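Listing of upload.tsv, TSV, C-alpha atoms
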```tsv
chain	number	residue	atom	x	y	z
H	1	PHE	CA	-3.17	-17.01	10.20
H	2	THR	CA	-6.57	-15.36	9.79
H	3	VAL	CA	-7.74	-13.29	12.78
H	4	PHE	CA	-11.24	-12.56	11.51
H	5	ARG	CA	-13.38	-12.55	8.38
H	6	PHE	CA	-16.21	-10.37	7.12
H	7	ARG	CA	-17.95	-9.41	3.89
H	8	PHE	CA	-17.99	-6.03	2.23
H	9	GLY	CA	-20.82	-6.20	-0.29
H	10	PRO	CA	-20.01	-9.12	-2.60
H	11	PHE	CA	-16.38	-9.37	-1.44
H	12	PRO	CA	-15.17	-11.78	1.28
H	13	VAL	CA	-12.47	-10.12	3.38
H	14	GLU	CA	-9.85	-11.78	5.60
H	15	VAL	CA	-7.57	-9.99	8.06
H	16	HIS	CA	-4.36	-11.86	8.86
H	17	PHE	CA	-2.40	-11.60	12.09
H	18	GLY	CA	0.75	-10.53	10.25
H	19	HIS	CA	-1.04	-7.46	8.91
H	20	LEU	CA	-2.10	-6.34	12.38
H	21	LEU	CA	1.39	-6.92	13.78
H	22	ILE	CA	3.26	-5.04	11.05
H	23	ASN	CA	0.55	-2.38	10.96
H	24	ALA	CA	1.06	-1.73	14.68
H	25	PHE	CA	4.84	-1.53	14.26
H	26	VAL	CA	4.60	0.96	11.39
H	27	ALA	CA	1.98	3.03	13.21
H	28	TYR	CA	4.18	3.10	16.32
H	29	SER	CA	7.13	4.35	14.25
H	30	PHE	CA	5.06	7.30	13.02
H	31	VAL	CA	3.68	8.18	16.45
H	32	SER	CA	6.99	7.86	18.30
H	33	TYR	CA	8.81	10.58	16.36
H	34	PRO	CA	6.46	13.55	15.92
H	35	THR	CA	8.21	16.49	14.28
H	36	SER	CA	5.60	19.21	13.77
H	37	THR	CA	4.55	21.96	16.19
H	38	VAL	CA	0.79	21.33	15.99
H	39	TRP	CA	-1.53	18.59	17.28
H	40	PRO	CA	-0.65	15.86	18.17
H	41	ALA	CA	3.09	16.63	18.27
H	42	VAL	CA	2.64	19.55	20.65
H	43	ILE	CA	1.21	17.09	23.20
H	44	LEU	CA	3.38	14.05	22.41
H	45	ASN	CA	6.60	16.08	22.72
H	46	ASP	CA	5.67	17.28	26.21
H	47	PRO	CA	6.30	14.50	28.80
H	48	THR	CA	4.53	16.56	31.48
H	49	ASN	CA	1.27	16.91	29.56
H	50	PRO	CA	-1.46	14.92	31.36
H	51	ARG	CA	-3.10	14.09	28.01
H	52	ARG	CA	0.07	12.61	26.51
H	53	ALA	CA	-0.69	8.92	27.15
H	54	MET	CA	-4.28	9.17	25.92
H	55	THR	CA	-3.22	11.15	22.84
H	56	PHE	CA	-0.48	8.61	22.08
H	57	GLY	CA	-3.01	5.77	22.21
H	58	LEU	CA	-5.54	7.61	20.05
H	59	VAL	CA	-2.97	8.56	17.42
H	60	LEU	CA	-1.54	5.01	17.37
H	61	ALA	CA	-5.03	3.56	16.83
H	62	GLY	CA	-5.70	6.24	14.24
H	63	TRP	CA	-2.58	5.38	12.27
H	64	MET	CA	-3.43	1.68	12.36
H	65	ALA	CA	-6.90	2.50	11.01
H	66	LEU	CA	-5.39	4.84	8.41
H	67	ILE	CA	-3.05	2.14	7.08
H	68	SER	CA	-5.77	-0.52	6.95
H	69	LEU	CA	-8.31	1.79	5.31
H	70	SER	CA	-5.74	2.84	2.70
H	71	VAL	CA	-4.92	-0.80	1.98
H	72	PHE	CA	-8.63	-1.60	1.76
H	73	ALA	CA	-9.31	1.27	-0.68
H	74	HIS	CA	-6.45	0.05	-2.88
H	75	GLU	CA	-7.51	-3.61	-2.89
H	76	LEU	CA	-11.16	-2.66	-3.37
H	77	GLY	CA	-10.16	-0.92	-6.60
H	78	HIS	CA	-8.65	-4.19	-7.88
H	79	ALA	CA	-11.63	-6.22	-6.67
H	80	ILE	CA	-14.37	-4.01	-8.15
H	81	THR	CA	-12.76	-3.97	-11.60
H	82	ALA	CA	-12.19	-7.74	-11.52
H	83	ARG	CA	-15.84	-8.18	-10.52
H	84	LEU	CA	-16.90	-6.12	-13.54
H	85	PHE	CA	-14.96	-8.58	-15.68
H	86	GLY	CA	-16.84	-11.55	-14.24
H	87	SER	CA	-14.52	-12.69	-11.45
H	88	ARG	CA	-15.46	-13.19	-7.79
H	89	PRO	CA	-12.39	-11.97	-5.91
H	90	SER	CA	-11.69	-11.88	-2.20
H	91	ILE	CA	-9.61	-9.34	-0.30
H	92	HIS	CA	-6.87	-10.31	2.17
H	93	PHE	CA	-5.02	-8.01	4.58
H	94	VAL	CA	-1.51	-9.52	4.67
H	95	GLY	CA	1.80	-8.06	5.79
H	96	LEU	CA	2.05	-4.32	5.37
H	97	GLY	CA	-0.40	-4.33	2.48
H	98	GLY	CA	-3.11	-6.45	0.98
H	99	LEU	CA	-3.83	-9.02	-1.67
H	100	THR	CA	-6.79	-9.48	-3.98
H	101	VAL	CA	-7.28	-13.17	-4.73
H	102	TYR	CA	-9.12	-14.40	-7.83
H	103	PRO	CA	-10.75	-17.87	-7.70
H	104	ASP	CA	-10.00	-18.37	-11.39
H	105	GLY	CA	-6.33	-17.56	-10.87
H	106	GLY	CA	-6.67	-14.15	-12.52
H	107	SER	CA	-6.72	-15.58	-16.05
H	108	PHE	CA	-7.89	-12.41	-17.80
H	109	GLU	CA	-6.95	-11.01	-21.17
H	110	TRP	CA	-3.83	-8.88	-20.87
H	111	TRP	CA	-5.66	-5.56	-21.22
H	112	LYS	CA	-8.15	-6.56	-18.53
H	113	GLN	CA	-5.26	-7.49	-16.25
H	114	ALA	CA	-3.75	-4.06	-16.91
H	115	LEU	CA	-7.00	-2.28	-16.00
H	116	ILE	CA	-7.43	-4.38	-12.86
H	117	THR	CA	-3.86	-3.58	-11.84
H	118	LEU	CA	-4.29	0.16	-12.46
H	119	SER	CA	-7.56	0.27	-10.55
H	120	GLY	CA	-5.83	-0.34	-7.22
H	121	PRO	CA	-3.56	2.74	-7.31
H	122	ALA	CA	-6.40	4.79	-8.80
H	123	ALA	CA	-8.74	3.90	-5.93
H	124	GLY	CA	-6.06	4.62	-3.33
H	125	LEU	CA	-5.28	7.97	-4.94
H	126	LEU	CA	-8.99	8.86	-5.02
H	127	PHE	CA	-9.26	8.04	-1.31
H	128	GLY	CA	-6.29	10.28	-0.60
H	129	VAL	CA	-7.57	13.15	-2.74
H	130	LEU	CA	-10.98	13.07	-1.05
H	131	ALA	CA	-9.29	13.23	2.37
H	132	GLY	CA	-7.08	16.08	1.15
H	133	LEU	CA	-10.10	18.00	-0.09
H	134	LEU	CA	-11.76	17.55	3.30
H	135	ALA	CA	-8.70	19.03	5.00
H	136	LEU	CA	-8.48	21.88	2.47
H	137	VAL	CA	-12.16	22.83	2.55
H	138	GLY	CA	-12.62	22.30	6.28
H	139	GLY	CA	-9.38	24.03	7.26
H	140	SER	CA	-9.15	25.31	10.82
H	141	SER	CA	-12.88	24.71	11.38
H	142	LEU	CA	-12.19	20.96	11.59
H	143	PRO	CA	-11.27	19.33	14.90
H	144	ASP	CA	-7.50	18.90	15.23
H	145	GLY	CA	-7.68	15.12	15.00
H	146	VAL	CA	-9.86	15.12	11.88
H	147	ARG	CA	-7.65	17.64	10.09
H	148	TYR	CA	-4.47	15.78	11.10
H	149	PHE	CA	-5.63	12.40	9.84
H	150	ALA	CA	-7.19	13.84	6.68
H	151	VAL	CA	-3.82	15.36	5.77
H	152	CYS	CA	-2.01	12.13	6.70
H	153	ILE	CA	-4.37	10.05	4.54
H	154	PHE	CA	-3.72	12.37	1.60
H	155	GLN	CA	0.06	12.30	2.04
H	156	ALA	CA	0.27	8.55	2.69
H	157	ASN	CA	-1.87	7.60	-0.32
H	158	LEU	CA	-0.10	10.03	-2.64
H	159	PHE	CA	3.28	8.62	-1.58
H	160	TRP	CA	2.14	5.00	-1.87
H	161	THR	CA	0.54	5.57	-5.28
H	162	VAL	CA	3.76	7.00	-6.70
H	163	LEU	CA	5.89	4.28	-5.07
H	164	ASN	CA	3.54	1.46	-6.08
H	165	LEU	CA	3.59	2.50	-9.74
H	166	LEU	CA	7.38	2.18	-10.00
H	167	PRO	CA	8.36	-0.81	-12.20
H	168	ILE	CA	9.52	-2.94	-9.26
H	169	SER	CA	8.47	-6.58	-8.82
H	170	SER	CA	5.37	-7.13	-6.66
H	171	PHE	CA	4.40	-3.47	-7.03
H	172	ASP	CA	1.56	-2.73	-9.42
H	173	GLY	CA	4.02	-0.85	-11.62
H	174	GLY	CA	6.13	-4.01	-11.84
H	175	ARG	CA	3.10	-6.07	-12.83
H	176	LEU	CA	2.21	-3.55	-15.53
H	177	THR	CA	5.77	-3.60	-16.86
H	178	GLU	CA	5.72	-7.40	-17.02
H	179	LEU	CA	2.34	-7.37	-18.78
H	180	PHE	CA	3.36	-4.92	-21.48
H	181	MET	CA	6.89	-6.26	-21.97
H	182	THR	CA	5.62	-9.84	-22.28
H	183	ARG	CA	2.80	-8.78	-24.56
H	184	PHE	CA	5.03	-6.97	-27.05
H	185	LEU	CA	8.41	-8.71	-26.62
H	186	GLY	CA	7.36	-12.25	-25.77
H	187	ARG	CA	9.16	-14.37	-23.19
H	188	ASN	CA	12.28	-12.19	-23.25
H	189	GLY	CA	10.10	-9.24	-22.28
H	190	PHE	CA	9.59	-10.84	-18.88
H	191	LEU	CA	13.35	-10.94	-18.30
H	192	ILE	CA	13.72	-7.33	-19.42
H	193	ALA	CA	11.01	-6.32	-16.95
H	194	GLN	CA	12.98	-8.00	-14.14
H	195	LEU	CA	16.18	-6.17	-15.12
H	196	VAL	CA	14.29	-2.88	-15.15
H	197	ALA	CA	12.93	-3.76	-11.70
H	198	LEU	CA	16.45	-4.41	-10.38
H	199	ALA	CA	17.68	-1.06	-11.71
H	200	PHE	CA	14.82	0.88	-10.10
H	201	ALA	CA	15.15	-1.08	-6.86
H	202	ALA	CA	18.87	-0.24	-6.66
H	203	GLY	CA	18.12	3.46	-7.15
H	204	LEU	CA	15.37	3.39	-4.54
H	205	LEU	CA	17.59	1.57	-2.05
H	206	PHE	CA	20.22	4.26	-2.52
H	207	LEU	CA	17.64	6.98	-1.84
H	208	ALA	CA	16.36	5.11	1.22
H	209	PHE	CA	19.93	4.89	2.53
H	210	LEU	CA	20.60	8.60	1.97
H	211	SER	CA	17.32	9.63	3.64
H	212	HIS	CA	17.63	7.08	6.49
H	213	GLN	CA	14.28	5.52	5.56
H	214	MET	CA	14.80	2.04	7.04
H	215	LEU	CA	11.24	0.83	6.44
H	216	LEU	CA	11.35	1.81	2.76
H	217	GLY	CA	14.70	0.03	2.41
H	218	ILE	CA	13.30	-3.15	3.96
H	219	VAL	CA	10.29	-3.12	1.63
H	220	VAL	CA	12.47	-2.62	-1.45
H	221	LEU	CA	14.84	-5.39	-0.36
H	222	MET	CA	11.89	-7.77	-0.04
H	223	MET	CA	10.73	-6.85	-3.52
H	224	THR	CA	14.28	-7.29	-4.85
H	225	GLY	CA	14.29	-10.82	-3.49
H	226	ARG	CA	11.14	-11.49	-5.49
H	227	THR	CA	12.83	-10.13	-8.63
H	228	ILE	CA	15.88	-12.35	-8.15
H	229	GLY	CA	13.55	-15.32	-7.71
H	230	ASN	CA	11.78	-14.43	-10.96
H	231	ILE	CA	15.09	-14.29	-12.82
H	232	SER	CA	16.17	-17.65	-11.38
H	233	ALA	CA	12.87	-19.23	-12.43
H	234	PHE	CA	13.24	-17.74	-15.93
H	235	GLN	CA	16.66	-19.34	-16.40
H	236	ARG	CA	15.54	-22.85	-15.45
```
Render the structure in this file as structure tokens.
Amino acid sequence: FTVFRFRFGPFPVEVHFGHLLINAFVAYSFVSYPTSTVWPAVILNDPTNPRRAMTFGLVLAGWMALISLSVFAHELGHAITARLFGSRPSIHFVGLGGLTVYPDGGSFEWWKQALITLSGPAAGLLFGVLAGLLALVGGSSLPDGVRYFAVCIFQANLFWTVLNLLPISSFDGGRLTELFMTRFLGRNGFLIAQLVALAFAAGLLFLAFLSHQMLLGIVVLMMTGRTIGNISAFQR
């Protein structure tokens, strides 16, 4: 269900409870296992530090903000491009990510759909690069918290951009694969795109298993379920 609504320029925005819940869980997983020897890990790894509880709370809130801002930058990229093509989209924070909804159902020409799809990863990557430049230029002159989160924003958005462009169903890369395969190979192109998605998902699941990345494995399994559903619908 929707927790609250607001507008960002011409775009209505809705934040769903599921996003806040999963966001908090993911943020907690990052904060609970600090591995570096600088702030905030140097405080979080010391149970006797009087600032540990406050630092934990600040970093948890920071990670929740980081995830939501990264999602917003990504969805805003989709929404701005769709707006340029005459649509009036809205942005929804759902689950771990977001969703840009088009009142016309997103019935654009295929090349416009491709540009709208690419605009999301491009906007997220730009957000990450700007944060990375802030950390690089500011260096040690920045407060510890600012430098830490600037680096985290860069790393998180770089990782998500690469992952999201893989040809896996429900990722932007999967949507692009479906668009191009269907455009040039017709109906059978859609099925080929799903088979490609299954192959990449299997490889990514294997990597997630080897690296003990449970969250990544769960996300890929969810996307694999979507792929299997697409194949079932194709065969009807």
#### Entry: Computed interatomic separation between atom CA of H:Val101 and atom CA of H:Asn230 (Å)
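Here the two named atoms are 20.1 Å from each other.
Proximity to H:Pro89 was assessed for H:Ala65, H:Leu142, H:Phe11, H:Ile116 counting only C-alpha atoms; the smallest distance is recorded for H:Phe11.
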### Query
Of the candidates H:Gly124, H:Gly229, H:Gly77, H:Gly95, which one gets nearest to H:His19 if we count only C-alpha atoms?
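Of the candidates, the smallest distance to H:His19 is held by H:Gly95.
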### Query
Which one is closest to H:His16: H:Asn49, H:Thr37, H:Ser68, H:Thr81? Count all atoms listed in the file.
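Counting all atoms listed in the file, the residue closest to H:His16 is H:Ser68.
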H:Gly97 environment, 9 Å, all atoms listed in the file, sequence neighbours closer than 3 positions dropped, as a compact mmCIF listing (two decimals) with C-alpha atoms, in the frame of the given file:
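Wrote out37.txt, looks like this:
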```
# COMPACT_ATOMS: atom_id res chain seq x y z
CA HIS H 19 -1.04 -7.46 8.91
CA ASN H 23 0.55 -2.38 10.96
CA ILE H 67 -3.05 2.14 7.08
CA SER H 68 -5.77 -0.52 6.95
CA SER H 70 -5.74 2.84 2.70
CA VAL H 71 -4.92 -0.80 1.98
CA PHE H 72 -8.63 -1.60 1.76
CA GLU H 75 -7.51 -3.61 -2.89
CA HIS H 92 -6.87 -10.31 2.17
CA PHE H 93 -5.02 -8.01 4.58
CA VAL H 94 -1.51 -9.52 4.67
```
### Query
Quick one: residues within 8 Å of H:Leu66, all atoms listed in the file counted, chain neighbours fewer than 3 positions away excluded, as an MDAnalysis selection string?
chainID H and resid 62:63 69:70 149 153
